[in-house]
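The structure under discussion appears below in the form of structure tokens.
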Amino acid sequence: MSRVCQVSGKGPLTGNNRSHSLRATRRVYNPNLQTYRLTDEQGRVYKVKMTARAHRSLLKDQVK
């Protein structure tokens, strides 16, 4: 199971954990993936794994 948004294509990013003494150890920042049900114009329902940010953007586009 890949941790990639099916809408925006966002994936994991890497960075450092920093302790109080500023030692650096590698870590992974994963996107906030959630499973949503989307319907198209014909009424078909799809399960899509996308980030919460992409979902908010889709909802914003629907309001306009």
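As shown in the structure tokens, the chain order sets the letters A, B, ...; within each chain, residues go from 1, and ligands are also counted from 1 in the order they appear.
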Residues within 8 Å of segment 19-32 of chain A, only C-alpha atoms, excluding chain neighbours under 4 positions, as an MDAnalysis selection string: chainID A and resid 3:5 10:15 50:52
DSSP-assigned strand (DSSP E or B) among chain A, expressed as a list in words: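 Here is the list: Leu13, Thr14, Gly15, Asn16, Asn17, Arg18, Ala24, Thr25, Arg26, Arg27, Val28, Tyr29, Leu33, Gln34, Thr35, Tyr36, Arg37, Leu38, Thr39, Val45, Tyr46, Lys47, Val48, Lys49, Met50 and Thr51 of chain A.
What separates atom CA of Thr35 of chain A from atom CA of Asn17 of chain A is a distance of 28.3 Å.
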Distance query His55 of chain A at most 12 Å, only C-alpha atoms, self and fewer than 5 positions along chain excluded, as a ChimeraX atom specification: /A:5-8,32-38,48-50,60-62
Interatomic distance (Å, one decimal) between atom CA of Arg56 of chain A and atom CA of Gly9 of chain A: 15.2 Å
